[in-house]
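Asker: Just passing along the structure, written as structure tokens.
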Amino acid sequence: MALFGKQLIAIDLGTTNTLIAIHKKGIALREPSLIAVKKGTSEVVAYGDEALDLVGRVSDDYEVVRPIQEGVIDNFQLTKKMLATYIMKALKSTRVNCEVVISVPSNITKVERKALVDVLREMGIHRAMIVDEVTVSALGMDIDITQPMGKMVLNIGGGMTSAGILSYNEIIQHHTFKVGGTDMDQAIVDRVREHYNLVISLETAEKLKLALGTAKYEKLDEQDEMEVSGLSVATGVPSTARISVKVVSGAIDRQIDRMVQVCKTVLETIQPELASDILDTGIYMTGGVALLRRLPERLQSELGLKVTLSQHPFDDVVNGTVKLLQDLRVESKRIERSRR
């Protein structure tokens, strides 16, 4: 839908992936938050999936970078280029002519928020709503946060884990920790090198996490293995190894402990009335890492609360952000009327 000649779009600008949805049309783009550039220059050679295909397959003259680190802008110029490219691709237009609602981590600083605003302005976007990802996660899961009853949302993404208590359309308490799926991948790389003398890529580590990772290792898992390729530490030549589920799960255990601690930090500071609400409603969990095998069971065991896993954990943020597009439309109309 166009508003004053402009499209309304929602953006989930994540460390691992960027999703863009168009008002009344749904998700129009889903790409890795990656850019391939020529070293020593600002020349971009590939974005998203194309950049991912270049990882480990090009010379040292190129590098593949993530302009978003731990949920916030790490490289201003590359973020601007990536966002502009993705928006044009989503809109199927060479002009970035849109109104934007974009989600950010709960603990974003004023400096980080200004950096995002500057990126949008340099792209020619002068009307945007910046919203908290915990809130839009709840909206994306169709959780009613309008009533004076506490609801707890846990969002585990590629670079961040965010937990928040919402009630009466407000975030009452929240905590964000810089730990997520990418930290798990690096931990698996380190553990495979230690146990098998094999150097593997982060992409291979992610495949191991998805295939073998579990938040609660059990005896019935002990036969699960996956063969991967890498470089032998001893010889420096290509080699393979069969990686056990025990090694993978042991590698990510520390990161899961830190995610549990994020929840405890939030729960330890709330009022008794909200604590009573959370005992009734439990924790709503979303984000790509939420799909890790037996993670809901582990959290439930360690926190003593019911854990409800979202049906669409990859899409909740952008879907919740879409719901706020209507608010942007109403506010835009109010501003236009006031200027007449």
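Residue numbering restarts at 1 for every chain of the structure tokens, chains are lettered A, B, ... in their displayed order, and ligands are numbered from 1 as they appear.
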Could you pull out the alpha helix (DSSP H) residues of stretch 51-119 of chain A from DSSP and send them as an MDAnalysis selection string?
Answerer: chainID A and resid 51:54 76:91 110:119
Asker: Please report, as JSON lines, each residue of stretch 73-146 of chain A lying at most 9 Å from stretch 276-295 of chain A, together with the nearest pair of atoms and the separation in Å rounded to one decimal; use only C-alpha atoms, and order rows by chain and ascending residue number.
Answerer:
```
{"residue": "A:Ser137", "atom": "CA", "partner": "A:Thr286", "partner_atom": "CA", "distance": 7.3}
{"residue": "A:Ala138", "atom": "CA", "partner": "A:Tyr284", "partner_atom": "CA", "distance": 8.1}
{"residue": "A:Met141", "atom": "CA", "partner": "A:Thr286", "partner_atom": "CA", "distance": 8.4}
{"residue": "A:Ile143", "atom": "CA", "partner": "A:Tyr284", "partner_atom": "CA", "distance": 8.8}
```
Asker: Write the selection just made, keeping N, CA and C atoms, as an mmCIF file, in the first residue's frame?
Answerer:
```
data_model
loop_
_atom_site.group_PDB
_atom_site.id
_atom_site.type_symbol
_atom_site.label_atom_id
_atom_site.label_comp_id
_atom_site.auth_asym_id
_atom_site.auth_seq_id
_atom_site.Cartn_x
_atom_site.Cartn_y
_atom_site.Cartn_z
ATOM 1 N N SER A 137 8.356 -8.815 18.633
ATOM 2 C CA SER A 137 8.332 -10.278 18.734
ATOM 3 C C SER A 137 7.012 -10.742 19.329
ATOM 4 N N ALA A 138 6.575 -10.052 20.380
ATOM 5 C CA ALA A 138 5.299 -10.398 21.013
ATOM 6 C C ALA A 138 4.146 -10.202 20.041
ATOM 7 N N MET A 141 3.952 -12.942 17.515
ATOM 8 C CA MET A 141 3.422 -14.201 18.051
ATOM 9 C C MET A 141 1.961 -14.086 18.460
ATOM 10 N N ILE A 143 0.663 -12.282 20.774
ATOM 11 C CA ILE A 143 0.492 -12.192 22.229
ATOM 12 C C ILE A 143 -0.205 -10.871 22.551
#
```
Asker: Please provide as a list of chain:residue names all residues within 12 Å of A:Ser93, with the sequence filter that same-chain residues fewer than 5 positions apart are discarded (counting only C-alpha atoms).
Answerer: A:Lys6, A:Gln7, A:Ala84, A:Thr85, A:Tyr86, A:Ile87, A:Met88, A:Cys98
Asker: Restricting the calculation to only C-alpha atoms: of A:Lys110, A:Ser167, A:Thr16, A:Val119, which residue gets closest to A:Met149?
Answerer: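 Nearest candidate to A:Met149 out of A:Lys110, A:Ser167, A:Thr16, A:Val119: A:Ser167.
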Asker: So that I can see what lies close to A:Leu52, please list as an MDAnalysis selection string the residues with an atom at most 10 Å from it, counting only C-alpha atoms and leaving out residues fewer than 4 positions away in the same chain.
Answerer: chainID A and resid 31:36 46:48 56:57 64:65 203
Asker: Taking 3 positions as the minimum chain separation for residues in the same chain, which residues sit within 9 Å of A:Ser244 when counting only C-alpha atoms? Answer as a list in words.
Answerer: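 So the residues in contact are Leu212, Glu222, Gln223, Asp224, Glu225, Met226, Glu227, Val247, Val248 and Ser249 of chain A.
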Asker: Write the selection just made, keeping N, CA and C atoms, as a PDB file, in the first residue's frame?
Answerer:
```pdb
ATOM      1  N   LEU A 212      23.087 -31.622  14.734  1.00  0.00           N
ATOM      2  CA  LEU A 212      23.420 -32.385  15.947  1.00  0.00           C
ATOM      3  C   LEU A 212      23.194 -31.633  17.247  1.00  0.00           C
ATOM      4  N   GLU A 222      23.845 -40.634  21.693  1.00  0.00           N
ATOM      5  CA  GLU A 222      25.273 -40.899  21.598  1.00  0.00           C
ATOM      6  C   GLU A 222      25.715 -41.500  20.260  1.00  0.00           C
ATOM      7  N   GLN A 223      24.810 -42.078  19.492  1.00  0.00           N
ATOM      8  CA  GLN A 223      25.190 -42.655  18.197  1.00  0.00           C
ATOM      9  C   GLN A 223      25.121 -41.641  17.050  1.00  0.00           C
ATOM     10  N   ASP A 224      24.571 -40.466  17.325  1.00  0.00           N
ATOM     11  CA  ASP A 224      24.411 -39.468  16.259  1.00  0.00           C
ATOM     12  C   ASP A 224      25.763 -38.867  15.880  1.00  0.00           C
ATOM     13  N   GLU A 225      26.040 -38.852  14.588  1.00  0.00           N
ATOM     14  CA  GLU A 225      27.291 -38.296  14.072  1.00  0.00           C
ATOM     15  C   GLU A 225      27.036 -37.605  12.734  1.00  0.00           C
ATOM     16  N   MET A 226      27.996 -36.794  12.336  1.00  0.00           N
ATOM     17  CA  MET A 226      27.924 -36.157  11.022  1.00  0.00           C
ATOM     18  C   MET A 226      29.341 -35.985  10.493  1.00  0.00           C
ATOM     19  N   GLU A 227      29.547 -36.395   9.254  1.00  0.00           N
ATOM     20  CA  GLU A 227      30.875 -36.246   8.650  1.00  0.00           C
ATOM     21  C   GLU A 227      31.017 -34.862   8.030  1.00  0.00           C
ATOM     22  N   VAL A 247      30.151 -33.843  21.289  1.00  0.00           N
ATOM     23  CA  VAL A 247      31.114 -32.757  21.123  1.00  0.00           C
ATOM     24  C   VAL A 247      30.393 -31.454  20.767  1.00  0.00           C
ATOM     25  N   VAL A 248      29.440 -31.526  19.848  1.00  0.00           N
ATOM     26  CA  VAL A 248      28.705 -30.330  19.428  1.00  0.00           C
ATOM     27  C   VAL A 248      27.900 -29.749  20.591  1.00  0.00           C
ATOM     28  N   SER A 249      27.197 -30.600  21.303  1.00  0.00           N
ATOM     29  CA  SER A 249      26.361 -30.125  22.399  1.00  0.00           C
ATOM     30  C   SER A 249      27.203 -29.587  23.553  1.00  0.00           C
TER      31      SER A 249
END
```
Asker: With a cut-off of 10 Å, could you pull out the residues of stretch 169-229 of chain A touching stretch 66-70 of chain A and give me the nearest pair of atoms for each, distance in Å to one decimal, using only C-alpha atoms, ordered by chain and ascending number, as JSON lines?
Answerer:
```
{"residue": "A:Phe177", "atom": "CA", "partner": "A:Glu70", "partner_atom": "CA", "distance": 9.0}
{"residue": "A:Lys178", "atom": "CA", "partner": "A:Glu70", "partner_atom": "CA", "distance": 6.0}
{"residue": "A:Val179", "atom": "CA", "partner": "A:Glu70", "partner_atom": "CA", "distance": 7.8}
{"residue": "A:Gly180", "atom": "CA", "partner": "A:Glu70", "partner_atom": "CA", "distance": 8.4}
{"residue": "A:Thr182", "atom": "CA", "partner": "A:Glu70", "partner_atom": "CA", "distance": 9.3}
```
Asker: Give the strand (DSSP E) residues of stretch 108-299 of chain A, as assigned by DSSP on the backbone, as a PyMOL selection string.
Answerer: chain A and resi 128-132+151-156+161-167+170-177+198-199+225-232+238-244+283-286
Asker: Kindly export the residues of the current selection with C-alpha atoms, as a PDB file, in the first residue's frame.
Answerer:
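What landed in out21.pdb:
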```
ATOM      1  CA  ALA A 128      10.636   6.064  10.023  1.00  0.00           C
ATOM      2  CA  MET A 129       9.572   4.391  13.236  1.00  0.00           C
ATOM      3  CA  ILE A 130      12.252   2.582  15.268  1.00  0.00           C
ATOM      4  CA  VAL A 131      10.741  -0.096  17.498  1.00  0.00           C
ATOM      5  CA  ASP A 132      11.939  -2.513  20.144  1.00  0.00           C
ATOM      6  CA  LYS A 151       3.972 -11.549  29.497  1.00  0.00           C
ATOM      7  CA  MET A 152       7.601 -12.623  29.094  1.00  0.00           C
ATOM      8  CA  VAL A 153       9.235 -12.865  25.676  1.00  0.00           C
ATOM      9  CA  LEU A 154      12.635 -14.411  24.956  1.00  0.00           C
ATOM     10  CA  ASN A 155      14.165 -13.715  21.547  1.00  0.00           C
ATOM     11  CA  ILE A 156      17.356 -15.631  20.674  1.00  0.00           C
ATOM     12  CA  THR A 161      19.562 -12.777  23.254  1.00  0.00           C
ATOM     13  CA  SER A 162      16.820 -10.447  24.503  1.00  0.00           C
ATOM     14  CA  ALA A 163      14.298 -11.063  27.258  1.00  0.00           C
ATOM     15  CA  GLY A 164      11.551  -8.696  28.319  1.00  0.00           C
ATOM     16  CA  ILE A 165       8.445  -8.435  30.454  1.00  0.00           C
ATOM     17  CA  LEU A 166       5.569  -6.618  28.758  1.00  0.00           C
ATOM     18  CA  SER A 167       2.325  -5.349  30.264  1.00  0.00           C
ATOM     19  CA  GLU A 170       4.873  -1.235  27.808  1.00  0.00           C
ATOM     20  CA  ILE A 171       8.175  -2.986  28.390  1.00  0.00           C
ATOM     21  CA  ILE A 172       8.361  -3.177  32.173  1.00  0.00           C
ATOM     22  CA  GLN A 173      11.761  -4.846  32.360  1.00  0.00           C
ATOM     23  CA  HIS A 174      14.238  -6.111  29.798  1.00  0.00           C
ATOM     24  CA  HIS A 175      17.780  -7.390  29.433  1.00  0.00           C
ATOM     25  CA  THR A 176      19.878  -8.043  26.345  1.00  0.00           C
ATOM     26  CA  PHE A 177      23.080 -10.041  26.229  1.00  0.00           C
ATOM     27  CA  LEU A 198      40.328 -30.270  12.171  1.00  0.00           C
ATOM     28  CA  VAL A 199      39.763 -26.664  11.105  1.00  0.00           C
ATOM     29  CA  GLU A 225      27.291 -38.296  14.072  1.00  0.00           C
ATOM     30  CA  MET A 226      27.924 -36.157  11.022  1.00  0.00           C
ATOM     31  CA  GLU A 227      30.875 -36.246   8.650  1.00  0.00           C
ATOM     32  CA  VAL A 228      32.376 -32.863   7.792  1.00  0.00           C
ATOM     33  CA  SER A 229      35.328 -31.620   5.757  1.00  0.00           C
ATOM     34  CA  GLY A 230      38.044 -29.185   6.778  1.00  0.00           C
ATOM     35  CA  LEU A 231      41.796 -28.769   7.010  1.00  0.00           C
ATOM     36  CA  SER A 232      43.937 -31.049   9.137  1.00  0.00           C
ATOM     37  CA  PRO A 238      41.937 -31.283   3.314  1.00  0.00           C
ATOM     38  CA  SER A 239      40.585 -33.940   5.643  1.00  0.00           C
ATOM     39  CA  THR A 240      37.316 -35.265   7.066  1.00  0.00           C
ATOM     40  CA  ALA A 241      36.075 -36.356  10.464  1.00  0.00           C
ATOM     41  CA  ARG A 242      32.906 -37.792  11.927  1.00  0.00           C
ATOM     42  CA  ILE A 243      31.726 -35.347  14.571  1.00  0.00           C
ATOM     43  CA  SER A 244      29.694 -36.651  17.509  1.00  0.00           C
ATOM     44  CA  ILE A 283       7.898 -17.664  28.666  1.00  0.00           C
ATOM     45  CA  TYR A 284       7.214 -17.173  24.956  1.00  0.00           C
ATOM     46  CA  MET A 285      10.347 -18.054  22.990  1.00  0.00           C
ATOM     47  CA  THR A 286      11.217 -16.939  19.467  1.00  0.00           C
TER      48      THR A 286
END
```
Asker: In Å, rounded to a single decimal, give me how far atom CA of A:Gly140 is from atom CA of A:Pro313.
Answerer: 9.0 Å
